[in-house]
There are 2 protein chains.
Amino acid sequence: MPLNKGFLLASRPQGAATESNFRFFERNIGEPGPGEVLVRNHWLSLDPYMRGRMDESKSYAASQALDEPMIGGTVGEVVASNSPDFKAGDKVVCANGGWQLYTIQKPAMLRKVDDSKVPLQAFVGPLGMPGVTAWVGVNRIIQPKAGETVVCSAATGAVGTVVGQIVKAKGARAVGIAGGPEKCKFAVEELGYDLCVDHKAADFAQQLAAATPGGVDRLFENVGGQPFALTMARMNDFGRIAVCGLIASYEGAQKTSLSDMRIMLVRRLTMRGFIVTDFLPDWPAALGELSGLASTGKLKWRETIAQGVESAPSAFLGMLKGKNFGKQLVKLT
Amino acid sequence: MPLNKGFLLASRPQGAATESNFRFFERNIGEPGPGEVLVRNHWLSLDPYMRGRMDESKSYAASQALDEPMIGGTVGEVVASNSPDFKAGDKVVCANGGWQLYTIQKPAMLRKVDDSKVPLQAFVGPLGMPGVTAWVGVNRIIQPKAGETVVCSAATGAVGTVVGQIVKAKGARAVGIAGGPEKCKFAVEELGYDLCVDHKAADFAQQLAAATPGGVDRLFENVGGQPFALTMARMNDFGRIAVCGLIASYEGAQKTSLSDMRIMLVRRLTMRGFIVTDFLPDWPAALGELSGLASTGKLKWRETIAQGVESAPSAFLGMLKGKNFGKQLVKLT
């Protein structure tokens, strides 16, 4: 019976989350029950939505319970199975494998994956929830047409990485927003964004205007804050805005406000907030398309890897501040 | 050759509009040219969108030109016609008949109406642009289902009057917002709103919460300002918001801001700004439906009538402050 290690939610944040909100645990994982599957997590995905779950239920989902392992998507390997659908050695994605080394899951919560052509951790990145989020936001919400200008914030993040590439594949113009020159360079040179504007630059507003001389037709918003407001002011008639994330506001210190909603009326804009789990019927098509691209090397991405489950809290807190560069992972093996 | 009288736009407002922004004129109307039609305006419609046109082009439409007659929908009677499609005595709606007694129009800008069953001025009210605005916003934007709770601001205004009645016809619950107990009483007793909340009441937020105990599914926003923000905070999952007007912001003194856009994400809301002239293909169906209701007495509305073209500026400025009760008209005969 293997020794499990990981982190529980110890307390809810007052303002910004801190390491003291998490509590390390070690305990035997136990045996899988009838029909259940024991999985050794190899990779933990760290994602902004987790911050919302740490609060008292103000978000779209129920709160993460106190004293339970932190929620988190993982990908790993079946160790023992009481389900006819899974056998030891199968590689599986767990929608909530948690911030821990081992997890016992019902088969319905697992998805078998083939890592012969792509690295296993891709299934919690571009071939997992973040990739599908990008696909849904582009194809179901902003629906860019060839020649339109699409702005995407957090352009090198797990979602924005994929947004830029599928926007470009549609023949639209992709303008990224990212934090710092290194990320902006990567967005353009590796991810195929036409341009990328540094939101930390003092003249961000001027740079954004120069990058979108014909205005903005579609906005894929992952961050919020002042860059969001400045991009909104550049929207063209009949523009569409997907609100995918407002990470700038998750710590409570700075709410994402829009000071003049009249732009919605004057430009006849449509703004829609969405979460990917509301689009379950789209997952197979999205994953099929993204897997096809990835297996032929046409989908690019970058990872920031924290080593060992012990590093999860600090990696997570860093990600909330934009310290990651690309998909934030924790390597658990 | 009849003497025309009316108002030009003399200057653009600095902040709130004032009577000095308008200049009275008297001059001969002239003769209709080849194919043109001379119309005697009987009724002028005063609508909030006019305030936007007075500004330098920040709005969806071109600015109203200086020294030209103020823009305005009218309904009147053909006096002389050089078009085979119109003859003297025809009753016509002019999309822009202007703040004046007479207008010369191309036939394409006129719509013949039958006032045998409804009063002529209804064609610039519930059977005109405001009625179609309500129809489009309800049927194309918020799309309420039976049992859902719909909130509509300016519930007794020209648009809100119709919104409540078509929302109720769909079996949804209609909650109005209006300014003062008299308007709220009218909204409930005459227009069929289930409840109406007074935004001038000190405890508006509490009253709104009490009126929408299950939250708000659909919002038809005509006003903006703080009541809008408070209603947004009560939106349910997958709620839809039509931004039809933000009259509270039109004078520039108070912008309509939303201090926490996270509600868009948390509740997966869709917000869409619209103007009715973007929905021209819907006009015949909308007018057909509304005319059917009106001709059998099933559509209720109320009018505030200013007498004589000379009263147009003060009536308009009053309307921007909510002094009208129901559709604001100017009787030109």
# chains A, B, ... in the order shown; residues from 1 in each chain; ligands from 1
>>> interface_residues(of="chain A", to="chain B", cutoff="8 Å", atoms="only C-alpha atoms", output="PDB file with N, CA, C and O atoms, in the first residue's frame")
ATOM      1  N   LYS A  58     -17.877  31.500  -4.232  1.00  0.00           N
ATOM      2  CA  LYS A  58     -18.350  32.670  -4.962  1.00  0.00           C
ATOM      3  C   LYS A  58     -18.226  32.392  -6.451  1.00  0.00           C
ATOM      4  O   LYS A  58     -18.604  33.191  -7.266  1.00  0.00           O
ATOM      5  N   SER A  59     -17.589  31.287  -6.768  1.00  0.00           N
ATOM      6  CA  SER A  59     -17.238  31.013  -8.153  1.00  0.00           C
ATOM      7  C   SER A  59     -18.270  30.086  -8.771  1.00  0.00           C
ATOM      8  O   SER A  59     -19.314  29.790  -8.194  1.00  0.00           O
ATOM      9  N   TYR A  60     -17.991  29.648 -10.008  1.00  0.00           N
ATOM     10  CA  TYR A  60     -18.963  28.840 -10.735  1.00  0.00           C
ATOM     11  C   TYR A  60     -19.090  27.444 -10.152  1.00  0.00           C
ATOM     12  O   TYR A  60     -20.072  26.770 -10.355  1.00  0.00           O
ATOM     13  N   VAL A 243     -14.726  36.016 -22.168  1.00  0.00           N
ATOM     14  CA  VAL A 243     -14.110  36.182 -20.857  1.00  0.00           C
ATOM     15  C   VAL A 243     -13.813  34.784 -20.327  1.00  0.00           C
ATOM     16  O   VAL A 243     -14.706  34.070 -19.866  1.00  0.00           O
ATOM     17  N   CYS A 244     -12.550  34.405 -20.445  1.00  0.00           N
ATOM     18  CA  CYS A 244     -12.118  33.060 -20.081  1.00  0.00           C
ATOM     19  C   CYS A 244     -11.505  33.052 -18.699  1.00  0.00           C
ATOM     20  O   CYS A 244     -11.631  32.094 -17.954  1.00  0.00           O
ATOM     21  N   GLY A 245     -10.818  34.118 -18.368  1.00  0.00           N
ATOM     22  CA  GLY A 245     -10.180  34.208 -17.064  1.00  0.00           C
ATOM     23  C   GLY A 245      -9.920  35.651 -16.711  1.00  0.00           C
ATOM     24  O   GLY A 245      -9.766  36.498 -17.590  1.00  0.00           O
ATOM     25  N   LEU A 246      -9.913  35.937 -15.406  1.00  0.00           N
ATOM     26  CA  LEU A 246      -9.610  37.292 -14.935  1.00  0.00           C
ATOM     27  C   LEU A 246      -8.618  37.162 -13.789  1.00  0.00           C
ATOM     28  O   LEU A 246      -8.852  37.610 -12.677  1.00  0.00           O
ATOM     29  N   SER A 249      -7.704  39.485 -11.031  1.00  0.00           N
ATOM     30  CA  SER A 249      -8.645  39.792  -9.957  1.00  0.00           C
ATOM     31  C   SER A 249      -8.773  38.672  -8.938  1.00  0.00           C
ATOM     32  O   SER A 249      -9.479  38.825  -7.947  1.00  0.00           O
ATOM     33  N   LYS A 255      -9.975  44.443  -8.325  1.00  0.00           N
ATOM     34  CA  LYS A 255     -11.067  43.922  -9.127  1.00  0.00           C
ATOM     35  C   LYS A 255     -10.912  44.387 -10.568  1.00  0.00           C
ATOM     36  O   LYS A 255     -10.353  45.454 -10.833  1.00  0.00           O
ATOM     37  N   THR A 256     -11.401  43.590 -11.488  1.00  0.00           N
ATOM     38  CA  THR A 256     -11.399  44.008 -12.885  1.00  0.00           C
ATOM     39  C   THR A 256     -12.661  44.800 -13.139  1.00  0.00           C
ATOM     40  O   THR A 256     -13.765  44.252 -13.146  1.00  0.00           O
ATOM     41  N   SER A 257     -12.493  46.113 -13.322  1.00  0.00           N
ATOM     42  CA  SER A 257     -13.646  46.969 -13.553  1.00  0.00           C
ATOM     43  C   SER A 257     -13.575  47.547 -14.961  1.00  0.00           C
ATOM     44  O   SER A 257     -12.508  47.642 -15.557  1.00  0.00           O
ATOM     45  N   LEU A 258     -14.728  47.866 -15.478  1.00  0.00           N
ATOM     46  CA  LEU A 258     -14.796  48.617 -16.734  1.00  0.00           C
ATOM     47  C   LEU A 258     -15.494  49.917 -16.399  1.00  0.00           C
ATOM     48  O   LEU A 258     -16.590  49.923 -15.834  1.00  0.00           O
ATOM     49  N   SER A 259     -14.836  51.009 -16.738  1.00  0.00           N
ATOM     50  CA  SER A 259     -15.322  52.289 -16.236  1.00  0.00           C
ATOM     51  C   SER A 259     -16.392  52.904 -17.125  1.00  0.00           C
ATOM     52  O   SER A 259     -17.060  53.839 -16.718  1.00  0.00           O
ATOM     53  N   ASP A 260     -16.555  52.403 -18.345  1.00  0.00           N
ATOM     54  CA  ASP A 260     -17.582  52.988 -19.205  1.00  0.00           C
ATOM     55  C   ASP A 260     -18.190  51.898 -20.091  1.00  0.00           C
ATOM     56  O   ASP A 260     -17.660  51.567 -21.147  1.00  0.00           O
ATOM     57  N   MET A 261     -19.302  51.360 -19.628  1.00  0.00           N
ATOM     58  CA  MET A 261     -19.936  50.249 -20.335  1.00  0.00           C
ATOM     59  C   MET A 261     -20.582  50.685 -21.640  1.00  0.00           C
ATOM     60  O   MET A 261     -21.068  49.855 -22.401  1.00  0.00           O
ATOM     61  N   ARG A 262     -20.563  51.988 -21.898  1.00  0.00           N
ATOM     62  CA  ARG A 262     -21.227  52.462 -23.106  1.00  0.00           C
ATOM     63  C   ARG A 262     -20.613  51.887 -24.376  1.00  0.00           C
ATOM     64  O   ARG A 262     -21.279  51.799 -25.413  1.00  0.00           O
ATOM     65  N   MET A 264     -20.139  48.915 -24.981  1.00  0.00           N
ATOM     66  CA  MET A 264     -20.938  47.731 -25.353  1.00  0.00           C
ATOM     67  C   MET A 264     -22.066  48.124 -26.310  1.00  0.00           C
ATOM     68  O   MET A 264     -22.409  47.387 -27.229  1.00  0.00           O
ATOM     69  N   LEU A 265     -22.630  49.286 -26.050  1.00  0.00           N
ATOM     70  CA  LEU A 265     -23.772  49.770 -26.835  1.00  0.00           C
ATOM     71  C   LEU A 265     -23.299  50.428 -28.127  1.00  0.00           C
ATOM     72  O   LEU A 265     -23.788  50.125 -29.218  1.00  0.00           O
ATOM     73  N   VAL A 266     -22.337  51.316 -27.978  1.00  0.00           N
ATOM     74  CA  VAL A 266     -21.885  52.102 -29.127  1.00  0.00           C
ATOM     75  C   VAL A 266     -21.323  51.177 -30.207  1.00  0.00           C
ATOM     76  O   VAL A 266     -21.571  51.371 -31.397  1.00  0.00           O
ATOM     77  N   ARG A 267     -20.602  50.170 -29.784  1.00  0.00           N
ATOM     78  CA  ARG A 267     -19.974  49.250 -30.742  1.00  0.00           C
ATOM     79  C   ARG A 267     -20.788  47.966 -30.918  1.00  0.00           C
ATOM     80  O   ARG A 267     -20.355  47.076 -31.631  1.00  0.00           O
ATOM     81  N   ARG A 268     -21.912  47.868 -30.254  1.00  0.00           N
ATOM     82  CA  ARG A 268     -22.768  46.660 -30.328  1.00  0.00           C
ATOM     83  C   ARG A 268     -21.936  45.407 -30.108  1.00  0.00           C
ATOM     84  O   ARG A 268     -21.863  44.503 -30.959  1.00  0.00           O
ATOM     85  N   LEU A 269     -21.286  45.360 -28.937  1.00  0.00           N
ATOM     86  CA  LEU A 269     -20.400  44.246 -28.612  1.00  0.00           C
ATOM     87  C   LEU A 269     -21.162  43.107 -27.953  1.00  0.00           C
ATOM     88  O   LEU A 269     -22.213  43.323 -27.340  1.00  0.00           O
ATOM     89  N   THR A 270     -20.601  41.931 -28.086  1.00  0.00           N
ATOM     90  CA  THR A 270     -21.098  40.780 -27.343  1.00  0.00           C
ATOM     91  C   THR A 270     -19.964  40.268 -26.470  1.00  0.00           C
ATOM     92  O   THR A 270     -18.877  39.972 -26.965  1.00  0.00           O
ATOM     93  N   MET A 271     -20.228  40.184 -25.178  1.00  0.00           N
ATOM     94  CA  MET A 271     -19.244  39.672 -24.227  1.00  0.00           C
ATOM     95  C   MET A 271     -19.822  38.443 -23.553  1.00  0.00           C
ATOM     96  O   MET A 271     -20.959  38.471 -23.081  1.00  0.00           O
ATOM     97  N   ARG A 272     -19.025  37.385 -23.516  1.00  0.00           N
ATOM     98  CA  ARG A 272     -19.544  36.164 -22.922  1.00  0.00           C
ATOM     99  C   ARG A 272     -18.498  35.511 -22.044  1.00  0.00           C
ATOM    100  O   ARG A 272     -17.370  35.267 -22.480  1.00  0.00           O
ATOM    101  N   GLY A 273     -18.874  35.257 -20.811  1.00  0.00           N
ATOM    102  CA  GLY A 273     -18.021  34.489 -19.920  1.00  0.00           C
ATOM    103  C   GLY A 273     -18.289  33.010 -20.113  1.00  0.00           C
ATOM    104  O   GLY A 273     -19.428  32.609 -20.324  1.00  0.00           O
ATOM    105  N   PHE A 274     -17.239  32.201 -20.040  1.00  0.00           N
ATOM    106  CA  PHE A 274     -17.461  30.763 -20.252  1.00  0.00           C
ATOM    107  C   PHE A 274     -16.463  29.944 -19.456  1.00  0.00           C
ATOM    108  O   PHE A 274     -15.390  30.424 -19.092  1.00  0.00           O
ATOM    109  N   ILE A 275     -16.853  28.721 -19.163  1.00  0.00           N
ATOM    110  CA  ILE A 275     -15.898  27.750 -18.624  1.00  0.00           C
ATOM    111  C   ILE A 275     -16.042  26.472 -19.426  1.00  0.00           C
ATOM    112  O   ILE A 275     -17.124  26.123 -19.905  1.00  0.00           O
TER     113      ILE A 275
END
>>> residues_around(residues="Val163 in chain B", least_positions_apart="3", cutoff="12 Å", atoms="only C-alpha atoms", output="PDB file with N, CA and C atoms, in the first residue's frame")
ATOM      1  N   PRO B 126     -45.138  52.416 -29.580  1.00  0.00           N
ATOM      2  CA  PRO B 126     -45.152  50.948 -29.510  1.00  0.00           C
ATOM      3  C   PRO B 126     -45.214  50.275 -30.882  1.00  0.00           C
ATOM      4  N   PRO B 130     -39.432  52.364 -30.987  1.00  0.00           N
ATOM      5  CA  PRO B 130     -39.296  51.836 -29.618  1.00  0.00           C
ATOM      6  C   PRO B 130     -39.918  50.450 -29.446  1.00  0.00           C
ATOM      7  N   GLY B 131     -41.057  50.225 -30.092  1.00  0.00           N
ATOM      8  CA  GLY B 131     -41.689  48.906 -29.996  1.00  0.00           C
ATOM      9  C   GLY B 131     -40.831  47.825 -30.630  1.00  0.00           C
ATOM     10  N   VAL B 132     -40.273  48.128 -31.798  1.00  0.00           N
ATOM     11  CA  VAL B 132     -39.413  47.140 -32.467  1.00  0.00           C
ATOM     12  C   VAL B 132     -38.141  46.909 -31.638  1.00  0.00           C
ATOM     13  N   THR B 133     -37.653  47.965 -31.014  1.00  0.00           N
ATOM     14  CA  THR B 133     -36.482  47.819 -30.136  1.00  0.00           C
ATOM     15  C   THR B 133     -36.777  46.807 -29.033  1.00  0.00           C
ATOM     16  N   ALA B 134     -37.935  46.952 -28.404  1.00  0.00           N
ATOM     17  CA  ALA B 134     -38.330  46.008 -27.355  1.00  0.00           C
ATOM     18  C   ALA B 134     -38.413  44.590 -27.920  1.00  0.00           C
ATOM     19  N   TRP B 135     -39.058  44.468 -29.061  1.00  0.00           N
ATOM     20  CA  TRP B 135     -39.253  43.145 -29.684  1.00  0.00           C
ATOM     21  C   TRP B 135     -37.911  42.486 -30.006  1.00  0.00           C
ATOM     22  N   VAL B 136     -37.010  43.240 -30.612  1.00  0.00           N
ATOM     23  CA  VAL B 136     -35.695  42.699 -30.979  1.00  0.00           C
ATOM     24  C   VAL B 136     -34.905  42.312 -29.726  1.00  0.00           C
ATOM     25  N   GLY B 137     -34.908  43.194 -28.749  1.00  0.00           N
ATOM     26  CA  GLY B 137     -34.147  42.904 -27.533  1.00  0.00           C
ATOM     27  C   GLY B 137     -34.638  41.652 -26.832  1.00  0.00           C
ATOM     28  N   VAL B 138     -35.947  41.483 -26.799  1.00  0.00           N
ATOM     29  CA  VAL B 138     -36.507  40.303 -26.132  1.00  0.00           C
ATOM     30  C   VAL B 138     -36.307  39.059 -26.996  1.00  0.00           C
ATOM     31  N   ASN B 139     -36.657  39.146 -28.274  1.00  0.00           N
ATOM     32  CA  ASN B 139     -36.671  37.939 -29.113  1.00  0.00           C
ATOM     33  C   ASN B 139     -35.310  37.565 -29.675  1.00  0.00           C
ATOM     34  N   ILE B 142     -32.285  38.662 -25.350  1.00  0.00           N
ATOM     35  CA  ILE B 142     -32.399  37.997 -24.037  1.00  0.00           C
ATOM     36  C   ILE B 142     -33.173  36.691 -24.106  1.00  0.00           C
ATOM     37  N   GLN B 143     -34.071  36.537 -25.067  1.00  0.00           N
ATOM     38  CA  GLN B 143     -34.765  35.272 -25.315  1.00  0.00           C
ATOM     39  C   GLN B 143     -35.235  34.567 -24.036  1.00  0.00           C
ATOM     40  N   PRO B 144     -36.121  35.208 -23.297  1.00  0.00           N
ATOM     41  CA  PRO B 144     -36.559  34.592 -22.035  1.00  0.00           C
ATOM     42  C   PRO B 144     -37.463  33.386 -22.277  1.00  0.00           C
ATOM     43  N   VAL B 150     -37.166  38.127 -15.639  1.00  0.00           N
ATOM     44  CA  VAL B 150     -36.604  39.155 -16.509  1.00  0.00           C
ATOM     45  C   VAL B 150     -36.717  40.496 -15.799  1.00  0.00           C
ATOM     46  N   VAL B 151     -35.625  41.224 -15.725  1.00  0.00           N
ATOM     47  CA  VAL B 151     -35.652  42.581 -15.188  1.00  0.00           C
ATOM     48  C   VAL B 151     -35.515  43.556 -16.359  1.00  0.00           C
ATOM     49  N   CYS B 152     -36.317  44.608 -16.330  1.00  0.00           N
ATOM     50  CA  CYS B 152     -36.233  45.651 -17.348  1.00  0.00           C
ATOM     51  C   CYS B 152     -36.225  47.006 -16.664  1.00  0.00           C
ATOM     52  N   SER B 153     -35.211  47.813 -16.974  1.00  0.00           N
ATOM     53  CA  SER B 153     -35.149  49.161 -16.406  1.00  0.00           C
ATOM     54  C   SER B 153     -35.885  50.133 -17.317  1.00  0.00           C
ATOM     55  N   ALA B 154     -36.187  51.305 -16.783  1.00  0.00           N
ATOM     56  CA  ALA B 154     -37.060  52.257 -17.479  1.00  0.00           C
ATOM     57  C   ALA B 154     -38.319  51.531 -17.940  1.00  0.00           C
ATOM     58  N   ALA B 155     -38.932  50.840 -16.997  1.00  0.00           N
ATOM     59  CA  ALA B 155     -40.023  49.914 -17.317  1.00  0.00           C
ATOM     60  C   ALA B 155     -41.233  50.612 -17.910  1.00  0.00           C
ATOM     61  N   THR B 156     -41.412  51.898 -17.616  1.00  0.00           N
ATOM     62  CA  THR B 156     -42.562  52.609 -18.177  1.00  0.00           C
ATOM     63  C   THR B 156     -42.168  53.504 -19.343  1.00  0.00           C
ATOM     64  N   GLY B 157     -40.913  53.462 -19.736  1.00  0.00           N
ATOM     65  CA  GLY B 157     -40.475  54.220 -20.907  1.00  0.00           C
ATOM     66  C   GLY B 157     -41.016  53.585 -22.185  1.00  0.00           C
ATOM     67  N   ALA B 158     -40.730  54.225 -23.304  1.00  0.00           N
ATOM     68  CA  ALA B 158     -41.310  53.779 -24.573  1.00  0.00           C
ATOM     69  C   ALA B 158     -40.925  52.339 -24.883  1.00  0.00           C
ATOM     70  N   VAL B 159     -39.704  51.962 -24.568  1.00  0.00           N
ATOM     71  CA  VAL B 159     -39.247  50.598 -24.839  1.00  0.00           C
ATOM     72  C   VAL B 159     -39.702  49.649 -23.732  1.00  0.00           C
ATOM     73  N   GLY B 160     -39.448  50.028 -22.493  1.00  0.00           N
ATOM     74  CA  GLY B 160     -39.778  49.166 -21.360  1.00  0.00           C
ATOM     75  C   GLY B 160     -41.250  48.806 -21.288  1.00  0.00           C
ATOM     76  N   ILE B 166     -44.403  41.890 -23.733  1.00  0.00           N
ATOM     77  CA  ILE B 166     -44.052  40.708 -24.540  1.00  0.00           C
ATOM     78  C   ILE B 166     -43.326  39.667 -23.698  1.00  0.00           C
ATOM     79  N   VAL B 167     -42.644  40.110 -22.659  1.00  0.00           N
ATOM     80  CA  VAL B 167     -42.040  39.143 -21.732  1.00  0.00           C
ATOM     81  C   VAL B 167     -43.138  38.347 -21.028  1.00  0.00           C
ATOM     82  N   LYS B 168     -44.162  39.045 -20.577  1.00  0.00           N
ATOM     83  CA  LYS B 168     -45.266  38.349 -19.894  1.00  0.00           C
ATOM     84  C   LYS B 168     -45.983  37.393 -20.847  1.00  0.00           C
ATOM     85  N   ALA B 169     -46.114  37.803 -22.108  1.00  0.00           N
ATOM     86  CA  ALA B 169     -46.787  36.933 -23.081  1.00  0.00           C
ATOM     87  C   ALA B 169     -46.021  35.632 -23.293  1.00  0.00           C
ATOM     88  N   LYS B 170     -44.735  35.641 -22.979  1.00  0.00           N
ATOM     89  CA  LYS B 170     -43.924  34.423 -23.117  1.00  0.00           C
ATOM     90  C   LYS B 170     -43.944  33.574 -21.852  1.00  0.00           C
ATOM     91  N   ALA B 172     -42.828  34.435 -18.927  1.00  0.00           N
ATOM     92  CA  ALA B 172     -41.741  34.729 -17.997  1.00  0.00           C
ATOM     93  C   ALA B 172     -42.240  35.706 -16.930  1.00  0.00           C
ATOM     94  N   ARG B 173     -41.440  35.849 -15.891  1.00  0.00           N
ATOM     95  CA  ARG B 173     -41.766  36.763 -14.803  1.00  0.00           C
ATOM     96  C   ARG B 173     -41.072  38.088 -15.108  1.00  0.00           C
ATOM     97  N   ALA B 174     -41.836  39.184 -15.099  1.00  0.00           N
ATOM     98  CA  ALA B 174     -41.284  40.490 -15.453  1.00  0.00           C
ATOM     99  C   ALA B 174     -41.181  41.371 -14.216  1.00  0.00           C
ATOM    100  N   VAL B 175     -39.970  41.829 -13.933  1.00  0.00           N
ATOM    101  CA  VAL B 175     -39.737  42.749 -12.823  1.00  0.00           C
ATOM    102  C   VAL B 175     -39.217  44.052 -13.424  1.00  0.00           C
ATOM    103  N   GLY B 176     -39.947  45.124 -13.195  1.00  0.00           N
ATOM    104  CA  GLY B 176     -39.535  46.408 -13.727  1.00  0.00           C
ATOM    105  C   GLY B 176     -38.696  47.196 -12.740  1.00  0.00           C
ATOM    106  N   ILE B 177     -37.956  48.144 -13.288  1.00  0.00           N
ATOM    107  CA  ILE B 177     -37.301  49.170 -12.475  1.00  0.00           C
ATOM    108  C   ILE B 177     -37.755  50.505 -13.052  1.00  0.00           C
ATOM    109  N   ALA B 187     -46.548  50.474 -13.918  1.00  0.00           N
ATOM    110  CA  ALA B 187     -45.895  49.307 -14.534  1.00  0.00           C
ATOM    111  C   ALA B 187     -46.614  48.019 -14.141  1.00  0.00           C
ATOM    112  N   LEU B 191     -49.239  47.802 -17.129  1.00  0.00           N
ATOM    113  CA  LEU B 191     -48.375  47.129 -18.115  1.00  0.00           C
ATOM    114  C   LEU B 191     -48.193  45.648 -17.835  1.00  0.00           C
ATOM    115  N   GLY B 192     -48.587  45.220 -16.643  1.00  0.00           N
ATOM    116  CA  GLY B 192     -48.540  43.782 -16.366  1.00  0.00           C
ATOM    117  C   GLY B 192     -47.249  43.279 -15.766  1.00  0.00           C
ATOM    118  N   TYR B 193     -46.330  44.187 -15.406  1.00  0.00           N
ATOM    119  CA  TYR B 193     -45.144  43.724 -14.677  1.00  0.00           C
ATOM    120  C   TYR B 193     -45.589  43.047 -13.379  1.00  0.00           C
ATOM    121  N   ARG B 218     -32.594  37.191 -16.983  1.00  0.00           N
ATOM    122  CA  ARG B 218     -32.471  38.013 -18.177  1.00  0.00           C
ATOM    123  C   ARG B 218     -32.605  39.467 -17.758  1.00  0.00           C
ATOM    124  N   LEU B 219     -31.788  40.325 -18.362  1.00  0.00           N
ATOM    125  CA  LEU B 219     -31.839  41.752 -18.031  1.00  0.00           C
ATOM    126  C   LEU B 219     -31.928  42.561 -19.314  1.00  0.00           C
ATOM    127  N   PHE B 220     -32.924  43.402 -19.386  1.00  0.00           N
ATOM    128  CA  PHE B 220     -33.086  44.336 -20.508  1.00  0.00           C
ATOM    129  C   PHE B 220     -32.740  45.707 -19.965  1.00  0.00           C
ATOM    130  N   GLU B 221     -31.538  46.178 -20.303  1.00  0.00           N
ATOM    131  CA  GLU B 221     -31.015  47.384 -19.655  1.00  0.00           C
ATOM    132  C   GLU B 221     -31.211  48.608 -20.534  1.00  0.00           C
ATOM    133  N   ASN B 222     -31.952  49.572 -20.016  1.00  0.00           N
ATOM    134  CA  ASN B 222     -32.207  50.808 -20.753  1.00  0.00           C
ATOM    135  C   ASN B 222     -31.551  52.026 -20.125  1.00  0.00           C
ATOM    136  N   ALA B 242     -29.223  42.316 -22.334  1.00  0.00           N
ATOM    137  CA  ALA B 242     -29.294  43.183 -23.516  1.00  0.00           C
ATOM    138  C   ALA B 242     -29.004  44.607 -23.066  1.00  0.00           C
ATOM    139  N   CYS B 244     -29.469  47.987 -24.147  1.00  0.00           N
ATOM    140  CA  CYS B 244     -30.260  48.727 -25.137  1.00  0.00           C
ATOM    141  C   CYS B 244     -30.015  50.221 -25.004  1.00  0.00           C
ATOM    142  N   LEU B 290     -46.838  43.426 -33.110  1.00  0.00           N
ATOM    143  CA  LEU B 290     -47.251  44.506 -32.215  1.00  0.00           C
ATOM    144  C   LEU B 290     -48.543  45.161 -32.708  1.00  0.00           C
ATOM    145  N   LEU B 299     -52.327  45.779 -26.288  1.00  0.00           N
ATOM    146  CA  LEU B 299     -51.040  46.420 -25.997  1.00  0.00           C
ATOM    147  C   LEU B 299     -51.333  47.756 -25.315  1.00  0.00           C
ATOM    148  N   LYS B 300     -50.798  47.910 -24.117  1.00  0.00           N
ATOM    149  CA  LYS B 300     -51.036  49.133 -23.355  1.00  0.00           C
ATOM    150  C   LYS B 300     -49.818  50.046 -23.437  1.00  0.00           C
ATOM    151  N   TRP B 301     -50.058  51.337 -23.393  1.00  0.00           N
ATOM    152  CA  TRP B 301     -48.952  52.271 -23.262  1.00  0.00           C
ATOM    153  C   TRP B 301     -49.468  53.605 -22.762  1.00  0.00           C
TER     154      TRP B 301
END
>>> residues_around(residues="Arg12 in chain B", least_positions_apart="3", cutoff="7 Å", atoms="only C-alpha atoms", output="ChimeraX atom specification")
/B:21,54-55
>>> write_last_selection(atoms="N, CA, C and O atoms", output="tab-separated table (two decimals), in the first residue's frame")
chain	number	residue	atom	x	y	z
B	21	ASN	N	-28.13	74.62	-26.79
B	21	ASN	CA	-27.58	73.78	-27.86
B	21	ASN	C	-28.50	73.72	-29.08
B	21	ASN	O	-28.10	73.23	-30.14
B	54	MET	N	-25.88	64.23	-30.65
B	54	MET	CA	-25.47	65.63	-30.45
B	54	MET	C	-23.97	65.77	-30.21
B	54	MET	O	-23.40	66.83	-30.41
B	55	ASP	N	-23.36	64.67	-29.75
B	55	ASP	CA	-21.92	64.72	-29.47
B	55	ASP	C	-21.13	64.55	-30.76
B	55	ASP	O	-21.62	64.05	-31.76
>>> select_by_dssp(residues="range 34-274 of chain A", states="strand (DSSP E)", output="ChimeraX atom specification")
/A:37-45,74-81,91-94,102-105,110-112,149-153,173-178,195-198,216-221,235-243,270-273
>>> select_by_dssp(residues="range 14-202 of chain B", states="alpha helix (DSSP H)", output="ChimeraX atom specification")
/B:49-54,129-136,158-169,181-189
>>> closest_residue(among="B:Lys106, B:Lys117, B:Lys321, B:Arg111", to="Pro284 in chain B", atoms="only C-alpha atoms")
B:Arg111
>>> residues_around(residues="Arg23 in chain A", least_positions_apart="3", cutoff="6 Å", atoms="only C-alpha atoms", output="ChimeraX atom specification")
/A:7-8,10
>>> write_last_selection(atoms="C-alpha atoms", output="PDB file, in the first residue's frame")
ATOM      1  CA  PHE A   7      -1.349  19.083  -0.032  1.00  0.00           C
ATOM      2  CA  LEU A   8      -4.692  19.732   1.599  1.00  0.00           C
ATOM      3  CA  ALA A  10      -5.820  24.135   5.233  1.00  0.00           C
TER       4      ALA A  10
END
>>> atom_distance(atom1="CA of Phe186 in chain B", atom2="CA of Val162 in chain B")
13.1 Å
>>> residues_around(residues="range 93-104 of chain A", least_positions_apart="2", cutoff="6 Å", atoms="only C-alpha atoms", output="list in words")
Asn4, Lys5, Gly6, Phe7, Pro32, Val37, Leu38, Val39, Arg40, Asn41, Pro69, Met70, Ile71, Gly72, Gly73, Thr74, Val75, Leu110 and Arg111 of chain A
>>> closest_residue(among="B:Phe24, B:Gly180, B:Val216, B:Ala17", to="Ala202 in chain B", atoms="only C-alpha atoms")
B:Gly180
